[in-house]
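Trainee: Just coords_19.json, nothing more (JSON, C-alpha atoms and all ligand atoms):
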[["chain", "number", "residue", "atom", "x", "y", "z"],
["J", 1, "MET", "CA", -12.95, 1.31, 6.49],
["J", 2, "GLU", "CA", -11.26, 2.50, 9.63],
["J", 3, "VAL", "CA", -9.88, 6.03, 9.52],
["J", 4, "ARG", "CA", -7.15, 7.08, 11.94],
["J", 5, "ILE", "CA", -6.08, 10.70, 11.94],
["J", 6, "TYR", "CA", -2.72, 11.93, 13.22],
["J", 7, "PRO", "CA", -1.23, 15.41, 13.53],
["J", 8, "THR", "CA", 1.68, 14.65, 11.18],
["J", 9, "ALA", "CA", 2.87, 12.17, 8.57],
["J", 10, "ASP", "CA", 5.49, 10.87, 10.99],
["J", 11, "ALA", "CA", 2.88, 10.20, 13.67],
["J", 12, "ALA", "CA", 0.73, 8.35, 11.11],
["J", 13, "ALA", "CA", 3.81, 6.35, 10.10],
["J", 14, "GLN", "CA", 4.36, 5.34, 13.73],
["J", 15, "GLY", "CA", 0.82, 3.95, 13.85],
["J", 16, "ALA", "CA", 1.33, 2.07, 10.60],
["J", 17, "ALA", "CA", 4.73, 0.74, 11.77],
["J", 18, "ASP", "CA", 3.05, -0.61, 14.93],
["J", 19, "ALA", "CA", 0.66, -2.53, 12.68],
["J", 20, "VAL", "CA", 3.52, -4.04, 10.66],
["J", 21, "ALA", "CA", 5.44, -4.91, 13.83],
["J", 22, "VAL", "CA", 2.44, -6.70, 15.38],
["J", 23, "LEU", "CA", 1.87, -8.68, 12.20],
["J", 24, "VAL", "CA", 5.53, -9.71, 11.88],
["J", 25, "ALA", "CA", 5.71, -10.68, 15.56],
["J", 26, "ALA", "CA", 2.78, -13.05, 14.94],
["J", 27, "LYS", "CA", 4.06, -14.23, 11.57],
["J", 28, "PRO", "CA", 7.80, -13.61, 10.99],
["J", 29, "GLU", "CA", 7.60, -14.86, 7.40],
["J", 30, "ALA", "CA", 4.65, -12.58, 6.57],
["J", 31, "VAL", "CA", 4.09, -11.56, 2.97],
["J", 32, "LEU", "CA", 3.87, -7.78, 2.64],
["J", 33, "GLY", "CA", 2.73, -5.74, -0.33],
["J", 34, "PHE", "CA", 4.90, -2.66, -0.82],
["J", 35, "ALA", "CA", 3.76, 0.58, -2.43],
["J", 36, "THR", "CA", 6.24, 3.04, -3.88],
["J", 37, "GLY", "CA", 5.78, 6.82, -4.14],
["J", 38, "THR", "CA", 6.29, 9.40, -1.42],
["J", 39, "SER", "CA", 3.41, 8.48, 0.91],
["J", 40, "PRO", "CA", 4.80, 5.25, 2.41],
["J", 41, "MET", "CA", 8.35, 6.62, 2.85],
["J", 42, "PRO", "CA", 7.86, 7.81, 6.46],
["J", 43, "LEU", "CA", 6.65, 4.27, 7.27],
["J", 44, "TYR", "CA", 9.70, 2.68, 5.63],
["J", 45, "ARG", "CA", 11.98, 5.11, 7.46],
["J", 46, "GLU", "CA", 10.30, 4.30, 10.77],
["J", 47, "LEU", "CA", 10.59, 0.56, 10.09],
["J", 48, "ALA", "CA", 14.28, 1.02, 9.23],
["J", 49, "ARG", "CA", 14.77, 2.79, 12.59],
["J", 50, "ARG", "CA", 13.06, -0.10, 14.38],
["J", 51, "VAL", "CA", 15.17, -2.64, 12.46],
["J", 52, "ALA", "CA", 18.30, -0.81, 13.64],
["J", 53, "ALA", "CA", 16.86, -1.10, 17.16],
["J", 54, "GLY", "CA", 16.23, -4.86, 16.86],
["J", 55, "LEU", "CA", 13.04, -5.47, 14.83],
["J", 56, "ASP", "CA", 13.70, -8.47, 12.60],
["J", 57, "LEU", "CA", 12.19, -8.32, 9.11],
["J", 58, "SER", "CA", 14.73, -10.71, 7.58],
["J", 59, "ARG", "CA", 12.15, -13.45, 6.98],
["J", 60, "VAL", "CA", 9.52, -11.17, 5.49],
["J", 61, "ARG", "CA", 8.82, -11.57, 1.79],
["J", 62, "GLY", "CA", 7.01, -9.14, -0.41],
["J", 63, "PHE", "CA", 5.52, -7.99, -3.66],
["J", 64, "ALA", "CA", 5.55, -4.54, -5.20],
["J", 65, "LEU", "CA", 2.36, -3.15, -6.67],
["J", 66, "ASP", "CA", 3.55, -1.94, -10.03],
["J", 67, "GLU", "CA", 6.35, -1.02, -12.42],
["J", 68, "TYR", "CA", 6.84, 1.14, -15.48],
["J", 69, "VAL", "CA", 6.95, -0.55, -18.87],
["J", 70, "ASN", "CA", 10.23, -0.51, -20.79],
["J", 71, "LEU", "CA", 12.14, 1.35, -18.11],
["J", 72, "SER", "CA", 15.43, -0.28, -17.20],
["J", 73, "PRO", "CA", 15.31, -1.80, -13.68],
["J", 74, "GLU", "CA", 18.58, 0.09, -13.09],
["J", 75, "HIS", "CA", 16.95, 3.49, -13.72],
["J", 76, "PRO", "CA", 16.72, 5.28, -10.33],
["J", 77, "GLY", "CA", 13.03, 5.99, -10.97],
["J", 78, "SER", "CA", 12.14, 2.36, -11.68],
["J", 79, "TYR", "CA", 10.21, 0.65, -8.91],
["J", 80, "HIS", "CA", 12.84, -2.12, -8.94],
["J", 81, "SER", "CA", 15.35, 0.55, -7.85],
["J", 82, "VAL", "CA", 12.97, 2.20, -5.39],
["J", 83, "ILE", "CA", 12.16, -1.11, -3.71],
["J", 84, "SER", "CA", 15.84, -2.05, -3.21],
["J", 85, "ARG", "CA", 16.80, 1.47, -2.14],
["J", 86, "GLU", "CA", 13.87, 2.23, 0.20],
["J", 87, "VAL", "CA", 12.66, -1.20, 1.29],
["J", 88, "THR", "CA", 14.83, -4.30, 0.92],
["J", 89, "GLU", "CA", 18.17, -2.79, 1.95],
["J", 90, "PRO", "CA", 17.13, -0.44, 4.79],
["J", 91, "LEU", "CA", 14.73, -3.01, 6.25],
["J", 92, "GLY", "CA", 17.36, -5.75, 6.34],
["J", 93, "MET", "CA", 15.40, -8.03, 4.02],
["J", 94, "ARG", "CA", 17.07, -10.61, 1.82],
["J", 95, "PRO", "CA", 18.02, -9.30, -1.65],
["J", 96, "GLY", "CA", 15.33, -10.38, -4.09],
["J", 97, "SER", "CA", 12.80, -11.06, -1.34],
["J", 98, "VAL", "CA", 10.46, -8.46, -2.83],
["J", 99, "THR", "CA", 9.18, -9.39, -6.26],
["J", 100, "VAL", "CA", 8.51, -6.43, -8.54],
["J", 101, "PRO", "CA", 6.40, -6.83, -11.71],
["J", 102, "ASP", "CA", 8.59, -7.17, -14.80],
["J", 103, "GLY", "CA", 8.02, -4.18, -17.06],
["J", 104, "THR", "CA", 10.71, -5.19, -19.54],
["J", 105, "ALA", "CA", 9.53, -8.74, -20.30],
["J", 106, "VAL", "CA", 9.36, -9.70, -23.96],
["J", 107, "ASP", "CA", 5.87, -11.05, -23.35],
["J", 108, "LEU", "CA", 4.37, -8.60, -20.87],
["J", 109, "GLU", "CA", 0.97, -10.27, -20.66],
["J", 110, "LEU", "CA", 2.57, -13.57, -19.77],
["J", 111, "ALA", "CA", 4.76, -11.81, -17.19],
["J", 112, "CYS", "CA", 1.62, -10.35, -15.57],
["J", 113, "GLU", "CA", 0.05, -13.80, -15.31],
["J", 114, "HIS", "CA", 3.29, -15.15, -13.88],
["J", 115, "PHE", "CA", 3.35, -12.38, -11.25],
["J", 116, "GLU", "CA", -0.17, -13.34, -10.13],
["J", 117, "ARG", "CA", 0.93, -16.98, -9.85],
["J", 118, "LEU", "CA", 3.91, -15.97, -7.70],
["J", 119, "ILE", "CA", 1.60, -14.16, -5.26],
["J", 120, "ALA", "CA", -0.65, -17.23, -5.09],
["J", 121, "ARG", "CA", 2.38, -19.53, -4.59],
["J", 122, "ALA", "CA", 3.54, -17.33, -1.68],
["J", 123, "GLY", "CA", 0.17, -17.93, -0.03],
["J", 124, "GLY", "CA", -1.25, -14.49, -0.82],
["J", 125, "ILE", "CA", -0.42, -11.11, 0.67],
["J", 126, "ASP", "CA", -0.92, -10.74, 4.44],
["J", 127, "LEU", "CA", -0.71, -6.96, 4.51],
["J", 128, "GLN", "CA", -0.80, -4.60, 1.57],
["J", 129, "ILE", "CA", 0.68, -1.13, 2.12],
["J", 130, "LEU", "CA", -0.88, 1.51, -0.14],
["J", 131, "GLY", "CA", -0.58, 5.15, -1.03],
["J", 132, "ILE", "CA", -3.16, 6.92, -3.16],
["J", 133, "GLY", "CA", -2.86, 9.04, -6.29],
["J", 134, "THR", "CA", -4.47, 12.48, -6.58],
["J", 135, "ASP", "CA", -6.96, 10.89, -9.00],
["J", 136, "GLY", "CA", -7.77, 8.12, -6.51],
["J", 137, "HIS", "CA", -5.55, 5.47, -8.08],
["J", 138, "ILE", "CA", -4.02, 2.67, -6.04],
["J", 139, "GLY", "CA", -1.05, 0.89, -7.55],
["J", 140, "PHE", "CA", -1.41, 2.26, -11.06],
["J", 141, "ASN", "CA", -5.11, 1.44, -11.34],
["J", 142, "GLU", "CA", -6.26, 4.63, -12.97],
["J", 143, "PRO", "CA", -9.91, 5.79, -12.94],
["J", 144, "THR", "CA", -12.25, 3.38, -14.77],
["J", 145, "SER", "CA", -10.07, 0.38, -13.87],
["J", 146, "SER", "CA", -12.25, -2.70, -13.47],
["J", 147, "LEU", "CA", -12.98, -3.41, -9.83],
["J", 148, "ALA", "CA", -12.20, -7.06, -10.62],
["J", 149, "SER", "CA", -8.97, -6.37, -12.53],
["J", 150, "ARG", "CA", -5.84, -8.49, -12.18],
["J", 151, "THR", "CA", -2.18, -7.65, -12.84],
["J", 152, "ARG", "CA", -2.06, -6.15, -16.32],
["J", 153, "ILE", "CA", -0.74, -3.41, -18.58],
["J", 154, "LYS", "CA", -2.24, 0.05, -18.05],
["J", 155, "THR", "CA", -1.88, 3.45, -19.69],
["J", 156, "LEU", "CA", -1.03, 6.21, -17.23],
["J", 157, "MET", "CA", -3.18, 9.34, -17.03],
["J", 158, "PRO", "CA", -1.33, 12.50, -18.10],
["J", 159, "SER", "CA", -1.96, 13.84, -14.56],
["J", 160, "THR", "CA", -0.22, 10.80, -13.04],
["J", 161, "ARG", "CA", 2.74, 11.25, -15.38],
["J", 162, "ALA", "CA", 2.90, 14.90, -14.33],
["J", 163, "ASP", "CA", 2.72, 13.93, -10.62],
["J", 164, "ASN", "CA", 5.57, 11.45, -11.09],
["J", 165, "ALA", "CA", 7.73, 13.67, -13.33],
["J", 166, "ARG", "CA", 9.67, 14.68, -10.21],
["J", 167, "PHE", "CA", 11.37, 11.26, -10.27],
["J", 168, "PHE", "CA", 12.59, 11.76, -13.86],
["J", 169, "ALA", "CA", 14.68, 14.30, -15.76],
["J", 170, "SER", "CA", 11.55, 15.57, -17.53],
["J", 171, "ILE", "CA", 7.90, 14.61, -17.97],
["J", 172, "ASP", "CA", 8.74, 13.23, -21.41],
["J", 173, "ASP", "CA", 10.90, 10.61, -19.71],
["J", 174, "VAL", "CA", 7.98, 9.27, -17.64],
["J", 175, "PRO", "CA", 6.81, 6.09, -19.34],
["J", 176, "ILE", "CA", 3.26, 6.11, -20.70],
["J", 177, "HIS", "CA", 2.60, 2.47, -19.83],
["J", 178, "CYS", "CA", 2.95, 0.44, -16.67],
["J", 179, "VAL", "CA", 2.09, -2.97, -15.27],
["J", 180, "THR", "CA", 0.13, -2.98, -12.05],
["J", 181, "GLN", "CA", -1.59, -5.36, -9.71],
["J", 182, "GLY", "CA", -5.31, -5.10, -10.39],
["J", 183, "LEU", "CA", -7.96, -3.93, -7.97],
["J", 184, "GLY", "CA", -9.12, -7.55, -7.70],
["J", 185, "THR", "CA", -5.55, -8.56, -6.81],
["J", 186, "ILE", "CA", -5.26, -5.85, -4.14],
["J", 187, "LEU", "CA", -8.65, -6.74, -2.65],
["J", 188, "GLU", "CA", -7.38, -10.29, -2.02],
["J", 189, "ALA", "CA", -4.73, -9.10, 0.45],
["J", 190, "ARG", "CA", -5.80, -10.15, 3.96],
["J", 191, "ARG", "CA", -5.24, -6.70, 5.44],
["J", 192, "VAL", "CA", -4.73, -3.33, 3.83],
["J", 193, "LEU", "CA", -3.25, -0.16, 5.24],
["J", 194, "MET", "CA", -3.20, 3.11, 3.38],
["J", 195, "LEU", "CA", -1.05, 6.15, 4.10],
["J", 196, "ALA", "CA", -1.72, 9.70, 2.96],
["J", 197, "SER", "CA", -0.34, 12.88, 4.38],
["J", 198, "GLU", "CA", -0.67, 15.77, 1.96],
["J", 199, "GLU", "CA", -3.53, 18.21, 1.42],
["J", 200, "SER", "CA", -3.34, 17.35, -2.30],
["J", 201, "LYS", "CA", -4.67, 13.88, -1.41],
["J", 202, "ALA", "CA", -7.64, 15.14, 0.64],
["J", 203, "ALA", "CA", -10.19, 15.01, -2.20],
["J", 204, "ALA", "CA", -9.12, 11.51, -3.27],
["J", 205, "ILE", "CA", -9.29, 10.31, 0.35],
["J", 206, "ALA", "CA", -12.78, 11.77, 0.78],
["J", 207, "ALA", "CA", -13.95, 10.11, -2.45],
["J", 208, "ALA", "CA", -12.38, 6.78, -1.45],
["J", 209, "VAL", "CA", -13.92, 6.71, 2.03],
["J", 210, "GLU", "CA", -17.21, 8.56, 1.65],
["J", 211, "GLY", "CA", -17.97, 8.50, -2.05],
["J", 212, "PRO", "CA", -19.79, 5.74, -3.92],
["J", 213, "VAL", "CA", -17.90, 2.57, -4.82],
["J", 214, "SER", "CA", -16.94, 3.43, -8.34],
["J", 215, "SER", "CA", -14.19, 2.63, -10.79],
["J", 216, "PHE", "CA", -13.97, 6.39, -11.22],
["J", 217, "CYS", "CA", -12.25, 6.49, -7.83],
["J", 218, "PRO", "CA", -10.34, 3.18, -7.82],
["J", 219, "ALA", "CA", -9.48, 3.44, -4.11],
["J", 220, "SER", "CA", -13.21, 3.36, -3.31],
["J", 221, "ALA", "CA", -13.06, -0.37, -4.15],
["J", 222, "LEU", "CA", -11.46, -0.75, -0.71],
["J", 223, "GLN", "CA", -14.92, -0.19, 0.79],
["J", 224, "MET", "CA", -15.55, -3.80, -0.28],
["J", 225, "HIS", "CA", -12.60, -5.07, 1.79],
["J", 226, "PRO", "CA", -13.20, -6.19, 5.39],
["J", 227, "HIS", "CA", -9.88, -5.03, 6.91],
["J", 228, "VAL", "CA", -8.70, -1.64, 5.71],
["J", 229, "VAL", "CA", -7.19, 1.02, 7.97],
["J", 230, "LEU", "CA", -6.23, 4.48, 6.73],
["J", 231, "PHE", "CA", -3.38, 6.21, 8.56],
["J", 232, "LEU", "CA", -3.84, 9.85, 7.65],
["J", 233, "ALA", "CA", -2.05, 13.05, 8.53],
["J", 234, "ALA", "CA", -4.62, 15.75, 9.32],
["J", 235, "ALA", "CA", -4.05, 17.56, 6.01],
["J", 236, "ALA", "CA", -5.02, 14.49, 3.99],
["J", 237, "ALA", "CA", -8.12, 14.01, 6.17],
["J", 238, "SER", "CA", -9.25, 17.61, 5.81],
["J", 239, "LYS", "CA", -12.02, 16.99, 3.26],
["J", 240, "LEU", "CA", -13.71, 14.11, 5.09],
["J", 241, "GLN", "CA", -17.28, 15.05, 5.99],
["J", 242, "GLN", "CA", -17.45, 12.71, 8.99],
["J", 243, "ILE", "CA", -14.06, 13.65, 10.39],
["J", 244, "ASP", "CA", -15.43, 14.25, 13.90],
["J", 245, "TYR", "CA", -16.92, 10.77, 13.94],
["J", 246, "TYR", "CA", -13.62, 9.16, 12.86],
["J", 247, "ARG", "CA", -11.78, 11.00, 15.61],
["J", 248, "TYR", "CA", -14.44, 9.89, 18.10],
["J", 249, "VAL", "CA", -14.11, 6.25, 16.97],
["J", 250, "GLN", "CA", -10.32, 6.48, 17.25],
["J", 251, "GLU", "CA", -10.57, 7.91, 20.76],
["J", 252, "HIS", "CA", -12.94, 5.14, 21.89],
["J", 253, "LYS", "CA", -11.31, 2.40, 19.86],
["J", 254, "ASP", "CA", -10.82, -0.17, 22.62],
["J", 255, "GLY", "CA", -13.57, 1.09, 24.91],
["J", 256, "TRP", "CA", -15.77, -1.95, 24.27],
["J", 257, "ARG", "CA", -13.18, -4.40, 25.59],
["J", 258, "VAL", "CA", -13.76, -5.95, 29.01],
["J", 259, "PRO", "CA", -10.85, -7.49, 30.90],
["J", 260, "ARG", "CA", -10.75, -11.22, 30.27],
["J", 261, "ASP", "CA", -8.25, -13.90, 31.17],
["J", 262, "GLY", "CA", -5.37, -14.23, 28.75],
["J", 263, "PRO", "CA", -3.92, -11.74, 26.31],
["J", 264, "ALA", "CA", -6.34, -9.86, 24.09],
["J", 265, "ARG", "CA", -5.89, -10.60, 20.43],
["J", 266, "GLN", "CA", -4.17, -7.64, 18.92],
["J", 267, "ASP", "CA", -5.00, -5.73, 15.82],
["J", 268, "TRP", "CA", -3.15, -6.97, 12.76],
["J", 269, "GLU", "CA", -2.32, -10.32, 14.31],
["J", 270, "ILE", "CA", -2.87, -12.82, 11.55],
["J", 271, "VAL", "CA", -3.34, -16.33, 12.80],
["J", 272, "LYS", "CA", -1.24, -18.74, 10.78],
["J", 273, "ARG", "CA", -3.30, -20.85, 8.43],
["J", 301, "LIG", "C1", 2.30, 6.31, -7.69],
["J", 301, "LIG", "C2", 2.32, 4.80, -7.38],
["J", 301, "LIG", "C3", 1.29, 4.47, -6.34],
["J", 301, "LIG", "C4", 1.32, 5.58, -5.30],
["J", 301, "LIG", "C5", 0.74, 6.83, -5.89],
["J", 301, "LIG", "C6", 0.90, 8.06, -5.02],
["J", 301, "LIG", "O1", 2.26, 6.63, -9.01],
["J", 301, "LIG", "N1", 2.17, 3.94, -8.49],
["J", 301, "LIG", "O2", 1.55, 3.20, -5.78],
["J", 301, "LIG", "O3", 0.54, 5.24, -4.19],
["J", 301, "LIG", "O4", 1.20, 7.04, -7.20],
["J", 301, "LIG", "O5", 2.22, 8.48, -4.99],
["J", 301, "LIG", "P1", 2.77, 9.53, -3.94],
["J", 301, "LIG", "O6", 2.68, 8.87, -2.63],
["J", 301, "LIG", "O7", 4.17, 9.79, -4.38],
["J", 301, "LIG", "O8", 1.90, 10.72, -4.03]]
Turn the structure described in the file into structure tokens.
Ligand code: GLP
Mentor:
Amino acid sequence: MEVRIYPTADAAAQGAADAVAVLVAAKPEAVLGFATGTSPMPLYRELARRVAAGLDLSRVRGFALDEYVNLSPEHPGSYHSVISREVTEPLGMRPGSVTVPDGTAVDLELACEHFERLIARAGGIDLQILGIGTDGHIGFNEPTSSLASRTRIKTLMPSTRADNARFFASIDDVPIHCVTQGLGTILEARRVLMLASEESKAAAIAAAVEGPVSSFCPASALQMHPHVVLFLAAAAASKLQQIDYYRYVQEHKDGWRVPRDGPARQDWEIVKR
């Protein structure tokens, strides 16, 4: 896992936006995975600014990570609403170009299988954008989620419901169940970037990067993925034991390159298959 540390959330978002821009320049119809929550918002805002300045994301398609069960898609706290409000509209993407899991389907298990098939039919996810929960969850894969899990129904931890109560009138309104891409689903994305900015995420980040691979910290499963970059504000990096080493790596990132003829292949450039 590559750890990049920035002074602020906005600076981290700039780094992450560069990654998205490089990918989309190489593959305009890239398939992105979109997280909700507060952490990726500076990235979406920065992408919206770049779209206003000429970046074209109109051919990008996407998938959301998760959705609450039995919450109307029209509810402002539903991830259907969040994705249209924060992603599809401000980024100039086609309406409906981001598929969100269906939490109101009559047959939820079938809907989860269907969602997996839609990702496969789109050719898989080129770049998955992630936040992280204070308990180490990614998507809504709570601690003890199978490392091989697929899109399925999960029961939210009381702590996650409390964390997300700010998007609802009261904690009692936060649904208890959700559908979420599994850890196995997320690990199949070709590239993964994670954003975290707050001090409250520092312990989860340390466990994800430096702890053992364990379903007890679901984000630690990313240690098994070959292309993960964390874009962290300093506060979220504050509990990493090897922080000096990560800064040193970041500083010397391209130091091994020797000038060669032709353009160097850039980070995040995904060669079309
Ligand atoms: C939410 C979402 C996750 C998100 C995480 C952290 O519940 N399901 O996708 O990454 O929890 O959210 P936030 O960034 O608001 O702290």
Trainee: Report as a VMD selection string which protein, DNA and RNA residues come within 8 Å of ligand LIG 301 (chain J), using all atoms listed in the file.
Mentor: chain J and resid 35 to 40 65 to 67 130 to 134 137 to 140 160 to 161 163 to 164 196 201
Trainee: Can you tell me which residues surround Ser215 (chain J) at a distance of at most 9 Å, considering all atoms listed in the file, apart from same-chain residues fewer than 6 positions away, and format the answer as a list in words?
Mentor: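 The contact residues come out as Glu142, Pro143, Thr144, Ser145, Ser146, Leu147 and Ala221 of chain J.
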Trainee: Neighbouring residues of Leu57 (chain J) were defined as those with any atom within 8 Å, considering only C-alpha atoms; residues of the same chain fewer than 6 positions away were excluded. Please report them as a ChimeraX atom specification.
Mentor: /J:24,28,51,91-93
Trainee: For region 125-223 of chain J against region 68-77 of chain J, with a cut-off of 8 Å and counting only C-alpha atoms, what is the closest atom pair and its distance in Å to one decimal for every residue that makes the cut, ordered by chain and number, as a tab-separated table?
Mentor:
residue	atom	partner	partner_atom	distance
J:Phe167	CA	J:Gly77	CA	5.6
J:Phe168	CA	J:Gly77	CA	6.5
J:Pro175	CA	J:Tyr68	CA	6.3
J:Ile176	CA	J:Val69	CA	7.8
J:His177	CA	J:Val69	CA	5.4
J:Cys178	CA	J:Tyr68	CA	4.1
J:Val179	CA	J:Tyr68	CA	6.3
Trainee: Which of these residues is nearest to Tyr44 (chain J), using all atoms listed in the file: J:Ala208, J:Ala25, J:Ala12, J:Ala234?
Mentor: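 Going through J:Ala208, J:Ala25, J:Ala12, J:Ala234 one by one, the smallest distance to Tyr44 (chain J) is for J:Ala12.
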Trainee: Nearest residue to Val228 (chain J) out of J:Trp268, J:Tyr79, J:Phe34, J:Tyr6, using only C-alpha atoms?
Mentor: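 Selected residue with least distance to Val228 (chain J): J:Trp268.
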Trainee: Which residue is closest to Asn141 (chain J)? Choose from J:Glu198, J:Val213, J:Ala219, J:Val87 and count only C-alpha atoms.
Mentor: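 Comparing J:Glu198, J:Val213, J:Ala219, J:Val87 against Asn141 (chain J), the winner is J:Ala219.
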Trainee: From the set J:Val20, J:Ala13, J:Val192, J:Ile186, which residue has the shortest atom-to-atom contact distance to Ile129 (chain J), counting all atoms listed in the file?
Mentor: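 Closest candidate: J:Val192.
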Trainee: My list of candidates is J:Phe216, J:Val100, J:Ala169, J:Met194. Which is closest to Thr151 (chain J) when distances are computed with all atoms listed in the file?
Mentor: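 Answer, going by the shortest atom-to-atom distance: J:Val100.
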Trainee: What does the distance between CA of Ile153 (chain J) and CA of Thr180 (chain J) come to in Å, to one decimal place?
Mentor: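 Taking CA of Ile153 (chain J) and CA of Thr180 (chain J), their separation equals 6.6 Å.
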Trainee: How far is it from CA of Tyr246 (chain J) to CA of Ala202 (chain J), in Å with one decimal?
Mentor: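 Rounded to one decimal, the two atoms are 14.9 Å apart.
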